[in-house]
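**Student:** Dropping in final-v3.tsv, which is TSV, C-alpha atoms:
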```tsv
chain	number	residue	atom	x	y	z
A	7	MET	CA	-39.12	-8.13	-11.58
A	8	THR	CA	-39.65	-5.81	-8.66
A	9	LYS	CA	-37.15	-5.00	-6.00
A	10	PRO	CA	-37.72	-4.07	-2.36
A	11	GLY	CA	-37.34	-0.38	-1.65
A	12	ARG	CA	-33.80	0.79	-1.43
A	13	VAL	CA	-32.56	2.12	1.87
A	14	LYS	CA	-31.87	5.78	1.28
A	15	GLY	CA	-28.40	6.73	2.44
A	16	GLU	CA	-26.93	9.92	1.11
A	17	GLY	CA	-23.42	9.22	2.43
A	18	MET	CA	-23.36	5.75	0.92
A	19	ASP	CA	-24.46	7.11	-2.45
A	20	ALA	CA	-21.66	9.65	-2.36
A	21	VAL	CA	-19.09	6.94	-1.67
A	22	ILE	CA	-20.46	4.81	-4.50
A	23	ILE	CA	-20.39	7.70	-6.97
A	24	LEU	CA	-16.87	8.63	-5.90
A	25	LEU	CA	-15.60	5.08	-6.38
A	26	MET	CA	-17.32	4.69	-9.74
A	27	VAL	CA	-16.09	8.03	-11.07
A	28	SER	CA	-12.51	7.34	-10.02
A	29	GLY	CA	-12.75	3.91	-11.64
A	30	LEU	CA	-13.97	5.50	-14.86
A	31	LEU	CA	-11.12	8.01	-14.60
A	32	PHE	CA	-8.59	5.19	-14.46
A	33	PHE	CA	-10.28	3.56	-17.45
A	34	THR	CA	-10.01	6.85	-19.33
A	35	GLY	CA	-6.32	7.05	-18.45
A	36	GLY	CA	-5.75	3.53	-19.73
A	37	THR	CA	-7.54	4.23	-22.99
A	38	ILE	CA	-5.78	7.54	-23.64
A	39	GLY	CA	-2.53	5.78	-22.77
A	40	ILE	CA	-2.90	3.01	-25.32
A	41	ILE	CA	-3.76	5.59	-27.95
A	42	ARG	CA	-0.99	8.09	-27.21
A	43	LEU	CA	2.08	6.08	-26.23
A	44	PRO	CA	4.64	5.43	-28.96
A	45	ASP	CA	5.19	1.66	-29.10
A	46	PHE	CA	3.62	-1.52	-27.93
A	47	TYR	CA	5.90	-2.09	-24.94
A	48	THR	CA	4.95	1.25	-23.45
A	49	ARG	CA	1.31	0.78	-24.40
A	50	LEU	CA	1.21	-2.33	-22.23
A	51	HIS	CA	1.83	-0.24	-19.12
A	52	PRO	CA	-1.51	1.63	-19.11
A	53	ALA	CA	-3.37	-1.24	-20.77
A	54	GLY	CA	-2.42	-3.83	-18.21
A	55	LYS	CA	-2.59	-1.86	-15.02
A	56	LEU	CA	-4.61	1.32	-15.16
A	57	ASP	CA	-7.38	-0.94	-16.44
A	58	THR	CA	-6.92	-3.26	-13.46
A	59	ALA	CA	-7.11	-0.34	-11.04
A	60	GLY	CA	-10.24	1.01	-12.73
A	61	HIS	CA	-11.74	-2.46	-12.67
A	62	VAL	CA	-11.20	-2.79	-8.92
A	63	LEU	CA	-12.71	0.62	-8.14
A	64	ALA	CA	-15.75	0.30	-10.41
A	65	MET	CA	-16.51	-3.24	-9.24
A	66	ALA	CA	-16.17	-2.17	-5.59
A	67	ALA	CA	-18.70	0.60	-6.23
A	68	MET	CA	-21.19	-1.82	-7.73
A	69	ALA	CA	-20.67	-4.39	-4.95
A	70	LEU	CA	-21.42	-1.65	-2.40
A	71	TYR	CA	-24.52	-0.64	-4.34
A	72	THR	CA	-25.70	-4.25	-4.37
A	73	VAL	CA	-25.40	-4.80	-0.62
A	74	GLN	CA	-27.27	-1.60	0.18
A	75	VAL	CA	-30.45	-3.64	0.38
A	76	PHE	CA	-29.09	-6.20	2.77
A	77	SER	CA	-30.07	-9.85	2.28
A	78	GLY	CA	-28.28	-13.14	1.90
A	79	HIS	CA	-28.91	-13.21	-1.83
A	80	ASN	CA	-27.49	-9.73	-2.36
A	81	LEU	CA	-24.49	-10.52	-0.19
A	82	LEU	CA	-23.76	-13.55	-2.36
A	83	THR	CA	-23.96	-11.39	-5.48
A	84	ALA	CA	-21.54	-8.86	-3.98
A	85	VAL	CA	-19.12	-11.66	-3.08
A	86	LYS	CA	-19.33	-12.85	-6.68
A	87	ILE	CA	-18.51	-9.37	-7.94
A	88	MET	CA	-15.49	-9.21	-5.67
A	89	LEU	CA	-14.41	-12.68	-6.86
A	90	ILE	CA	-14.33	-11.31	-10.42
A	91	VAL	CA	-11.97	-8.63	-9.13
A	92	VAL	CA	-9.71	-11.23	-7.51
A	93	PHE	CA	-9.72	-13.22	-10.72
A	94	VAL	CA	-8.76	-10.15	-12.75
A	95	PHE	CA	-6.01	-9.36	-10.25
A	96	PHE	CA	-4.47	-12.77	-10.84
A	97	THR	CA	-4.92	-12.93	-14.59
A	98	SER	CA	-4.08	-9.42	-15.70
A	99	PRO	CA	-0.32	-9.65	-14.97
A	100	THR	CA	-0.27	-13.06	-16.62
A	101	ALA	CA	-1.91	-11.77	-19.79
A	102	THR	CA	0.44	-8.77	-19.86
A	103	HIS	CA	3.39	-11.05	-19.43
A	104	ALA	CA	2.19	-13.33	-22.24
A	105	ILE	CA	1.85	-10.39	-24.65
A	106	ILE	CA	5.24	-8.86	-23.81
A	107	ASP	CA	6.88	-12.28	-24.05
A	108	ALA	CA	5.42	-12.74	-27.52
A	109	GLY	CA	6.80	-9.35	-28.51
A	110	VAL	CA	10.29	-10.10	-27.20
A	111	ARG	CA	10.42	-13.46	-28.93
A	112	ALA	CA	9.28	-11.96	-32.21
A	113	GLY	CA	12.21	-9.55	-31.89
A	114	LEU	CA	10.37	-6.23	-31.74
A	115	GLN	CA	12.73	-3.43	-30.77
A	116	PRO	CA	11.56	-1.21	-27.89
A	117	TRP	CA	11.08	2.48	-28.66
A	118	THR	CA	13.73	4.54	-26.93
A	119	ARG	CA	14.27	8.24	-26.80
A	120	LYS	CA	17.66	8.03	-28.50
A	121	LYS	CA	16.09	6.72	-31.68
A	122	GLU	CA	13.88	9.76	-32.03
A	123	ARG	CA	16.65	12.39	-31.88
A	124	PRO	CA	18.55	11.94	-35.17
B	6	MET	CA	-28.87	6.54	-8.90
B	7	ASP	CA	-30.15	4.56	-11.86
B	8	LEU	CA	-29.55	7.61	-14.01
B	9	PHE	CA	-25.97	7.78	-12.79
B	10	PHE	CA	-25.34	4.17	-13.74
B	11	PHE	CA	-26.97	4.77	-17.10
B	12	TYR	CA	-24.54	7.59	-17.88
B	13	ALA	CA	-21.67	5.48	-16.54
B	14	SER	CA	-22.56	2.74	-19.01
B	15	LEU	CA	-22.75	5.27	-21.86
B	16	TYR	CA	-19.31	6.56	-20.88
B	17	LEU	CA	-17.93	3.02	-20.77
B	18	GLY	CA	-19.23	2.46	-24.28
B	19	LEU	CA	-17.50	5.63	-25.45
B	20	ILE	CA	-14.21	4.49	-23.92
B	21	MET	CA	-14.58	1.13	-25.60
B	22	LEU	CA	-14.99	2.88	-28.94
B	23	LEU	CA	-11.76	4.77	-28.29
B	24	SER	CA	-9.99	1.50	-27.46
B	25	LEU	CA	-11.30	0.11	-30.72
B	26	TYR	CA	-9.11	2.65	-32.51
B	27	ARG	CA	-6.02	0.84	-31.27
B	28	ALA	CA	-7.49	-2.52	-32.19
B	29	VAL	CA	-8.16	-1.35	-35.75
B	30	ALA	CA	-5.17	0.89	-36.45
B	31	GLY	CA	-2.38	-0.63	-34.35
B	32	PRO	CA	0.74	-1.23	-36.39
B	33	THR	CA	1.45	-4.72	-35.08
B	34	VAL	CA	-0.74	-7.68	-34.27
B	35	LEU	CA	0.19	-7.31	-30.59
B	36	ASP	CA	-1.14	-3.73	-30.59
B	37	ARG	CA	-4.46	-5.04	-31.80
B	38	LEU	CA	-4.32	-7.66	-29.07
B	39	ILE	CA	-3.82	-4.94	-26.46
B	40	GLY	CA	-6.83	-3.06	-27.82
B	41	VAL	CA	-9.01	-6.17	-27.72
B	42	ASN	CA	-7.87	-6.94	-24.18
B	43	ALA	CA	-8.74	-3.42	-23.05
B	44	ILE	CA	-12.19	-3.66	-24.61
B	45	GLY	CA	-12.73	-7.02	-22.93
B	46	SER	CA	-11.86	-5.78	-19.46
B	47	LYS	CA	-14.27	-2.87	-19.89
B	48	THR	CA	-16.99	-5.20	-21.13
B	49	THR	CA	-16.82	-7.10	-17.84
B	50	VAL	CA	-17.67	-3.90	-15.96
B	51	LEU	CA	-20.28	-2.91	-18.51
B	52	LEU	CA	-22.07	-6.25	-18.10
B	53	VAL	CA	-22.44	-5.72	-14.36
B	54	VAL	CA	-23.68	-2.15	-14.92
B	55	ILE	CA	-26.28	-3.47	-17.36
B	56	GLY	CA	-27.28	-5.97	-14.70
B	57	LEU	CA	-27.80	-3.11	-12.25
B	58	LEU	CA	-29.90	-1.20	-14.79
B	59	TYR	CA	-32.15	-4.19	-15.47
B	60	GLN	CA	-32.26	-5.14	-11.75
B	61	ARG	CA	-30.87	-8.59	-12.48
B	62	VAL	CA	-27.32	-8.35	-11.09
B	63	ASP	CA	-27.39	-11.94	-9.84
B	64	MET	CA	-27.75	-13.20	-13.40
B	65	PHE	CA	-25.45	-10.77	-15.17
B	66	VAL	CA	-22.60	-11.27	-12.71
B	67	ASP	CA	-22.22	-14.86	-13.84
B	68	ILE	CA	-22.09	-13.75	-17.45
B	69	ALA	CA	-19.46	-11.15	-16.50
B	70	LEU	CA	-17.33	-13.79	-14.79
B	71	ALA	CA	-17.54	-16.12	-17.78
B	72	TYR	CA	-16.62	-13.21	-20.03
B	73	ALA	CA	-13.59	-12.33	-17.90
B	74	MET	CA	-12.32	-15.91	-18.12
B	75	LEU	CA	-12.95	-16.08	-21.85
B	76	ASN	CA	-11.12	-12.80	-22.38
B	77	PHE	CA	-8.10	-14.04	-20.43
B	78	ILE	CA	-7.94	-17.33	-22.32
B	79	ALA	CA	-8.37	-15.58	-25.66
B	80	VAL	CA	-5.45	-13.22	-24.94
B	81	LEU	CA	-3.23	-16.07	-23.79
B	82	ALA	CA	-4.03	-18.23	-26.80
B	83	ALA	CA	-3.63	-15.40	-29.28
B	84	SER	CA	-0.28	-14.27	-27.88
B	85	ARG	CA	1.03	-17.85	-27.87
B	86	PHE	CA	-0.20	-18.33	-31.42
B	87	PHE	CA	1.35	-15.18	-32.82
B	88	GLN	CA	4.66	-15.72	-31.07
B	89	LYS	CA	5.11	-18.94	-33.05
B	90	ARG	CA	4.44	-17.23	-36.36
B	91	LYS	CA	7.06	-14.94	-37.75
B	92	GLY	CA	4.63	-12.51	-39.34
B	93	LEU	CA	4.99	-9.99	-36.54
B	94	TYR	CA	8.38	-8.67	-37.46
B	95	ASP	CA	7.65	-7.69	-41.05
B	96	GLU	CA	4.51	-5.81	-40.20
B	97	THR	CA	6.44	-3.69	-37.71
B	98	ARG	CA	9.08	-2.64	-40.18
B	99	THR	CA	6.63	-1.53	-42.82
B	100	GLY	CA	4.00	-0.16	-40.49
B	101	GLU	CA	6.13	1.96	-38.18
B	102	ARG	CA	5.95	5.66	-38.78
C	30	MET	CA	-9.03	-20.60	8.48
C	31	PHE	CA	-9.37	-23.98	6.87
C	32	THR	CA	-5.80	-23.95	5.63
C	33	SER	CA	-4.36	-24.13	9.11
C	34	ASN	CA	-6.73	-26.90	10.21
C	35	ARG	CA	-6.03	-29.06	7.25
C	36	THR	CA	-2.29	-28.89	7.26
C	37	SER	CA	-1.60	-29.04	10.97
C	38	ASP	CA	-2.81	-32.61	11.39
C	39	ARG	CA	-0.80	-33.79	8.44
C	40	GLN	CA	2.37	-31.91	9.10
C	41	ASP	CA	4.09	-34.64	11.11
C	42	SER	CA	3.30	-37.51	8.74
C	43	PHE	CA	3.75	-35.71	5.46
C	44	GLU	CA	7.14	-35.92	3.79
C	45	PRO	CA	7.58	-33.43	0.97
C	46	THR	CA	8.07	-35.65	-2.05
C	47	PRO	CA	10.09	-34.43	-5.02
C	48	PRO	CA	7.76	-33.04	-7.65
C	49	GLY	CA	8.48	-35.77	-10.15
C	50	SER	CA	7.40	-38.78	-8.06
C	51	LYS	CA	3.78	-39.85	-8.34
C	52	GLN	CA	3.11	-42.73	-5.96
C	53	GLY	CA	-0.44	-43.55	-4.93
C	54	LYS	CA	0.01	-41.81	-1.60
C	55	VAL	CA	0.37	-38.46	-3.29
C	56	ARG	CA	-3.29	-38.50	-4.24
C	57	LEU	CA	-4.45	-38.11	-0.67
C	58	ASN	CA	-2.06	-35.50	0.64
C	59	ALA	CA	-2.79	-32.03	1.94
C	60	GLY	CA	-2.81	-30.55	-1.53
C	61	PHE	CA	-5.70	-32.76	-2.54
C	62	CYS	CA	-7.80	-31.85	0.50
C	63	LEU	CA	-7.03	-28.15	0.19
C	64	THR	CA	-7.92	-28.10	-3.48
C	65	PHE	CA	-11.15	-29.91	-2.73
C	66	LEU	CA	-12.09	-27.42	-0.01
C	67	VAL	CA	-11.28	-24.39	-2.13
C	68	MET	CA	-13.20	-25.79	-5.10
C	69	PHE	CA	-16.21	-26.62	-2.94
C	70	ALA	CA	-16.24	-23.15	-1.41
C	71	MET	CA	-16.16	-21.72	-4.93
C	72	TRP	CA	-19.04	-23.98	-5.90
C	73	LEU	CA	-21.11	-22.80	-2.94
C	74	VAL	CA	-20.54	-19.14	-3.79
C	75	PHE	CA	-21.21	-19.48	-7.48
C	76	SER	CA	-24.22	-21.80	-7.38
C	77	GLY	CA	-26.00	-20.00	-4.55
C	78	ARG	CA	-28.32	-22.97	-3.96
C	79	PHE	CA	-28.04	-25.07	-0.85
C	80	ASP	CA	-30.39	-28.03	-1.46
C	81	ALA	CA	-29.19	-31.62	-1.40
C	82	PHE	CA	-29.08	-32.14	-5.17
C	83	HIS	CA	-26.82	-29.18	-5.87
C	84	LEU	CA	-24.60	-29.95	-2.87
C	85	ILE	CA	-24.01	-33.53	-4.02
C	86	LEU	CA	-23.30	-32.32	-7.54
C	87	GLY	CA	-20.80	-29.84	-6.10
C	88	VAL	CA	-19.03	-32.48	-4.01
C	89	LEU	CA	-18.73	-34.76	-7.04
C	90	SER	CA	-17.33	-32.14	-9.37
C	91	SER	CA	-14.97	-30.76	-6.71
C	92	LEU	CA	-13.66	-34.29	-6.14
C	93	ILE	CA	-13.04	-34.74	-9.85
C	94	VAL	CA	-11.22	-31.41	-10.14
C	95	ALA	CA	-9.15	-32.07	-7.01
C	96	PHE	CA	-8.28	-35.56	-8.28
C	97	LEU	CA	-7.13	-34.24	-11.64
C	98	SER	CA	-5.20	-31.16	-10.49
C	99	GLY	CA	-4.60	-31.53	-6.76
C	100	ASP	CA	-0.88	-30.91	-7.07
C	101	LEU	CA	-1.25	-27.85	-9.29
C	102	LEU	CA	-2.79	-25.33	-6.93
C	103	PHE	CA	-0.73	-26.16	-3.86
C	104	PRO	CA	2.66	-27.54	-4.87
C	105	ALA	CA	4.23	-29.96	-2.39
C	106	ALA	CA	7.21	-27.75	-1.68
C	107	LEU	CA	5.01	-25.23	0.10
C	108	ASP	CA	3.21	-27.62	2.40
C	109	ARG	CA	5.35	-27.53	5.51
C	110	ALA	CA	4.98	-23.86	6.43
C	111	LEU	CA	1.77	-23.16	4.54
C	112	PRO	CA	-0.36	-21.49	7.26
C	113	LEU	CA	2.44	-19.16	8.29
C	114	VAL	CA	3.27	-18.22	4.72
C	115	TRP	CA	-0.37	-17.44	3.97
C	116	LEU	CA	-0.64	-15.29	7.07
C	117	ARG	CA	2.40	-13.25	6.12
C	118	PHE	CA	1.21	-13.09	2.52
C	119	MET	CA	-2.00	-11.46	3.78
C	120	GLY	CA	0.18	-8.89	5.51
C	121	TYR	CA	2.03	-8.26	2.27
C	122	ILE	CA	-1.11	-7.50	0.23
C	123	PRO	CA	-2.02	-4.10	1.78
C	124	TRP	CA	1.51	-2.83	1.20
C	125	LEU	CA	1.31	-4.03	-2.41
C	126	LEU	CA	-2.04	-2.26	-2.87
C	127	LEU	CA	-0.55	0.98	-1.59
C	128	GLN	CA	2.38	0.68	-4.00
C	129	ILE	CA	-0.02	-0.05	-6.87
C	130	LEU	CA	-2.08	3.05	-6.05
C	131	LYS	CA	0.96	5.32	-5.86
C	132	ALA	CA	2.45	4.04	-9.08
C	133	ASN	CA	-0.93	4.15	-10.85
C	134	LEU	CA	-1.16	7.85	-10.10
C	135	HIS	CA	2.34	8.31	-11.51
C	136	VAL	CA	1.39	6.59	-14.79
C	137	MET	CA	-1.83	8.63	-14.94
C	138	TYR	CA	0.27	11.79	-14.67
C	139	LEU	CA	2.50	10.59	-17.50
C	140	VAL	CA	-0.38	9.65	-19.75
C	141	PHE	CA	-2.23	12.93	-19.43
C	142	HIS	CA	0.88	15.10	-19.68
C	143	PRO	CA	0.84	17.12	-22.93
C	144	ARG	CA	4.56	16.62	-23.61
C	145	MET	CA	4.50	12.97	-22.67
C	146	ARG	CA	7.16	11.91	-25.18
C	147	GLU	CA	9.81	13.98	-23.48
C	148	LEU	CA	9.01	12.55	-20.08
C	149	ILE	CA	9.08	8.85	-20.80
C	150	ASP	CA	12.32	7.02	-21.30
C	151	PRO	CA	11.58	3.33	-21.88
C	152	GLN	CA	14.39	0.92	-21.22
C	153	ILE	CA	14.92	-2.72	-20.36
C	154	MET	CA	16.95	-3.13	-17.22
C	155	GLU	CA	18.34	-6.34	-15.77
C	156	PHE	CA	19.20	-7.35	-12.24
C	157	ASP	CA	19.92	-10.52	-10.29
C	158	SER	CA	17.49	-11.67	-7.65
C	159	GLN	CA	18.33	-13.45	-4.41
C	160	LEU	CA	15.04	-15.37	-4.38
C	161	SER	CA	15.50	-19.06	-5.07
C	162	SER	CA	12.11	-20.80	-4.95
C	163	ASP	CA	9.69	-20.78	-7.88
C	164	VAL	CA	6.76	-19.46	-5.88
C	165	ALA	CA	8.74	-16.53	-4.52
C	166	ARG	CA	9.99	-15.64	-7.97
C	167	THR	CA	6.51	-15.85	-9.45
C	168	THR	CA	5.12	-13.61	-6.74
C	169	PHE	CA	7.94	-11.15	-7.28
C	170	ALA	CA	7.46	-11.10	-11.05
C	171	ASN	CA	3.70	-10.63	-10.77
C	172	SER	CA	4.16	-7.88	-8.18
C	173	ILE	CA	6.54	-6.07	-10.52
C	174	THR	CA	4.04	-6.36	-13.34
C	175	LEU	CA	1.18	-5.11	-11.18
C	176	THR	CA	3.14	-2.06	-10.11
C	177	PRO	CA	2.66	0.33	-13.03
C	178	GLY	CA	5.69	1.59	-14.84
C	179	THR	CA	7.40	-1.77	-14.77
C	180	ILE	CA	6.71	-5.06	-16.54
C	181	THR	CA	8.67	-8.26	-16.08
C	182	VAL	CA	9.90	-9.38	-19.48
C	183	ASN	CA	11.77	-12.53	-18.58
C	184	VAL	CA	13.01	-14.55	-15.62
C	185	THR	CA	15.80	-17.02	-16.21
C	186	ALA	CA	16.45	-20.20	-14.24
C	187	ILE	CA	19.33	-18.60	-12.34
C	188	GLY	CA	17.19	-15.70	-11.13
C	189	LYS	CA	18.07	-12.95	-13.60
C	190	PHE	CA	15.12	-10.61	-14.08
C	191	SER	CA	14.60	-8.43	-17.16
C	192	VAL	CA	12.21	-5.58	-16.47
C	193	HIS	CA	10.80	-3.04	-18.92
C	194	CYS	CA	10.46	0.38	-17.26
C	195	ILE	CA	8.52	3.27	-18.73
C	196	ASP	CA	10.88	5.87	-17.25
C	197	ALA	CA	13.98	5.88	-15.08
C	198	GLU	CA	12.05	6.84	-11.99
C	199	SER	CA	9.77	3.78	-11.96
C	200	GLY	CA	12.70	1.41	-12.32
C	201	LYS	CA	14.72	2.92	-9.53
C	202	PRO	CA	13.16	1.18	-6.50
C	203	LEU	CA	13.82	-2.26	-8.00
C	204	PRO	CA	14.78	-4.79	-6.69
C	205	GLY	CA	15.12	-3.15	-3.27
C	206	GLU	CA	12.27	-3.10	-0.82
C	207	MET	CA	9.81	-5.32	-2.66
C	208	GLU	CA	12.30	-8.16	-2.94
C	209	SER	CA	13.22	-8.06	0.73
C	210	LYS	CA	9.53	-8.09	1.68
C	211	ILE	CA	8.88	-11.13	-0.48
C	212	ALA	CA	11.97	-12.83	0.93
C	213	GLN	CA	10.51	-12.22	4.37
C	214	VAL	CA	7.17	-13.75	3.39
C	215	PHE	CA	8.68	-16.93	1.98
C	216	MET	CA	11.45	-17.17	4.60
C	217	GLU	CA	14.55	-16.95	2.43
```
Before we go any further, please render this structure as structure tokens.
**Tutor:**
Amino acid sequence: MTKPGRVKGEGMDAVIILLMVSGLLFFTGGTIGIIRLPDFYTRLHPAGKLDTAGHVLAMAAMALYTVQVFSGHNLLTAVKIMLIVVFVFFTSPTATHAIIDAGVRAGLQPWTRKKERP
Amino acid sequence: MDLFFFYASLYLGLIMLLSLYRAVAGPTVLDRLIGVNAIGSKTTVLLVVIGLLYQRVDMFVDIALAYAMLNFIAVLAASRFFQKRKGLYDETRTGER
Amino acid sequence: MFTSNRTSDRQDSFEPTPPGSKQGKVRLNAGFCLTFLVMFAMWLVFSGRFDAFHLILGVLSSLIVAFLSGDLLFPAALDRALPLVWLRFMGYIPWLLLQILKANLHVMYLVFHPRMRELIDPQIMEFDSQLSSDVARTTFANSITLTPGTITVNVTAIGKFSVHCIDAESGKPLPGEMESKIAQVFME
């Protein structure tokens, strides 16, 4: 499978690398968050949303990289990548809500700072 | 640029390994569910990066979409399933530090 | 674009039926057509082939999906002012994205802070919302969840929201500005 030569654009590459690195940074924040935070209610905060933000940025970088060689086929692929992002944007709050609802119904007590003091 | 995406995929794999810690060690079932969900959302990105590396994005993007849907449905089903069972509460009381 | 075309010609004849009633007329209302169009657009994007065989296959499967779940995607209560609501909803999204970015940076700061346990102060706060329709409440709840630092735990039938906040600062702007913006979008 060969590909037509990529149009060299230094500025575009810089934008792509910036987006991808910031996306990976958000992913790192989410992962460190679910390891460090004290209980599962607080862990949901980085898990549900820093991951979504990282997802959006990384996917945007790859969609940009795909449309660099401009053709109808590549444009369609980029649109598909952005549709994944839209899908994740709708489903991620729903999944978070489902998990936290399960926790509340099971009667898990949230970690609070008062509990830690005595 | 290919090299950059290669290192990005390596880094994503490393982050997924870190998330696996929560999925293995989490005190409650829901903690494990969070870990699995985090791994799944990173896998979606990783699949597209692999597509870029193999120059077949058009094929891998469909797989990534199917994986995103599957991940969502799995999390929903698992959380609904475990909220009906009462096993969650006991594990918290014994497992908490 | 297609939303405005499709609903404008039906607006005068269409009476919003209560959600429980399922007469034969319901099958062919605006919700059915809209669902069909959205599904077919999705098919075109995801198949990426434009020959006759695949197009016919797409029309058939979109018809089946629209027939089965036409009233799920676009509930009848929304139909009357649909184009306007969508337009204002588009205006709401950039503001939401900005809020998400700001709050994401805040949570990043918390997560990487070495003495994180002294900074966070998780609590479940409750407040009453003025929003009355289901769609507005769903949008509000999902917006709260998307804004980091806050997760909607529960919404009761009378509009009482329970929100889990990671620290006091993230919970402070609720319900406030976001609720009034959503009320503006859905005209309440």
**Student:** Excluding Ala83 (chain B) and residues on its chain fewer than 4 positions from it, collect all residues at most 9 Å away from it, counting only C-alpha atoms, and give them as a list of chain:residue names.
**Tutor:** A:Ile105, B:Leu38, B:Ile78, B:Ala79, B:Phe87, B:Gln88
**Student:** Select residues of chain C: the criterion is any atom within 12 Å of an atom of chain B, counting all atoms listed in the file; output as a PDB file with C-alpha atoms, in the coordinates of the input.
**Tutor:**
```
ATOM      1  CA  VAL C  74     -20.540 -19.140  -3.790  1.00  0.00           C
ATOM      2  CA  PHE C  75     -21.210 -19.480  -7.480  1.00  0.00           C
ATOM      3  CA  SER C  76     -24.220 -21.800  -7.380  1.00  0.00           C
ATOM      4  CA  GLY C  77     -26.000 -20.000  -4.550  1.00  0.00           C
TER       5      GLY C  77
END
```
**Student:** Residues of chain A within 9 Å of chain B: nearest atom pair and distance (Å, one decimal) for each, counting all atoms listed in the file, sorted by chain and number, as a tab-separated table?
**Tutor:**
```
residue	atom	partner	partner_atom	distance
A:Met7	CA	B:Gln60	CA	7.5
A:Thr8	CA	B:Gln60	CA	8.0
A:Lys9	CA	B:Gln60	CA	7.5
A:Asp19	CA	B:Met6	CA	7.8
A:Ile23	CA	B:Phe9	CA	8.1
A:Met26	CA	B:Ala13	CA	8.1
A:Val27	CA	B:Ala13	CA	8.2
A:Leu30	CA	B:Leu17	CA	7.5
A:Phe33	CA	B:Ile20	CA	7.6
A:Thr34	CA	B:Ile20	CA	6.7
A:Gly36	CA	B:Ala43	CA	8.3
A:Thr37	CA	B:Ser24	CA	5.8
A:Ile38	CA	B:Leu23	CA	8.1
A:Ile40	CA	B:Arg27	CA	7.1
A:Ile41	CA	B:Arg27	CA	6.2
A:Asp45	CA	B:Asp36	CA	8.4
A:Phe46	CA	B:Asp36	CA	5.9
A:Arg49	CA	B:Ile39	CA	8.0
A:Leu50	CA	B:Ile39	CA	7.1
A:Ala53	CA	B:Ala43	CA	6.2
A:Gly54	CA	B:Ala43	CA	8.0
A:Asp57	CA	B:Ala43	CA	7.2
A:Thr58	CA	B:Ser46	CA	8.2
A:His61	CA	B:Val50	CA	6.9
A:Ala64	CA	B:Val50	CA	7.2
A:Met65	CA	B:Val50	CA	6.9
A:Met68	CA	B:Val54	CA	7.6
A:Tyr71	CA	B:Leu57	CA	8.9
A:Thr72	CA	B:Val62	CA	8.0
A:His79	CA	B:Asp63	CA	8.3
A:Asn80	CA	B:Asp63	CA	7.8
A:Leu82	CA	B:Asp63	CA	8.5
A:Thr83	CA	B:Asp63	CA	5.6
A:Ala84	CA	B:Asp63	CA	8.8
A:Lys86	CA	B:Val66	CA	7.0
A:Ile87	CA	B:Val66	CA	6.6
A:Leu89	CA	B:Leu70	CA	8.5
A:Ile90	CA	B:Leu70	CA	5.9
A:Phe93	CA	B:Ala73	CA	8.2
A:Val94	CA	B:Ala73	CA	7.4
A:Thr97	CA	B:Phe77	CA	6.7
A:Ser98	CA	B:Phe77	CA	7.7
A:Thr100	CA	B:Leu81	CA	8.3
A:Ala101	CA	B:Leu81	CA	6.0
A:Thr102	CA	B:Ile39	CA	8.7
A:Ala104	CA	B:Ser84	CA	6.2
A:Ile105	CA	B:Ser84	CA	5.5
A:Ile106	CA	B:Leu35	CA	8.6
A:Asp107	CA	B:Gln88	CA	8.1
A:Ala108	CA	B:Gln88	CA	4.7
A:Gly109	CA	B:Gln88	CA	7.2
A:Val110	CA	B:Gln88	CA	8.8
A:Arg111	CA	B:Gln88	CA	6.5
A:Ala112	CA	B:Gln88	CA	6.1
A:Gly113	CA	B:Tyr94	CA	6.8
A:Leu114	CA	B:Tyr94	CA	6.5
```
**Student:** Kindly determine which residues of chain A lie within 6 Å of chain C, considering only C-alpha atoms, and give the answer as an MDAnalysis selection string.
**Tutor:** chainID A and resid 35 39 99 118:119
**Student:** Report, in Å with one decimal, the straight-line distance from CA of Gly45 (chain B) to CA of Val94 (chain C).
**Tutor:** 27.6 Å
**Student:** Could you give me, as an MDAnalysis selection string, the residues within 7 Å of region 212-217 of chain C, counting only C-alpha atoms and dropping anything in the same chain fewer than 5 positions from it?
**Tutor:** chainID C and resid 114 117:118 160 165
**Student:** Rounded to one decimal in Å, what is the spacing between CA of Ser161 (chain C) and CA of Gly120 (chain C)?
**Tutor:**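 If I compute the distance from CA of Ser161 (chain C) to CA of Gly120 (chain C), I get 21.2 Å.
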**Student:** List the neighbours of Ala70 (chain C) out to 10 Å using only C-alpha atoms; skip same-chain residues closer than 6 positions along the sequence, and give me the result as a list in words.
**Tutor:**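 Returned residues: Thr64, Gly87 and Ser91 of chain C.
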**Student:** Would you compute the distance between CA of Leu101 (chain C) and CA of Ser191 (chain C)? Give it in Å to one decimal.
**Tutor:**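 CA of Leu101 (chain C) sits 26.3 Å away from CA of Ser191 (chain C).
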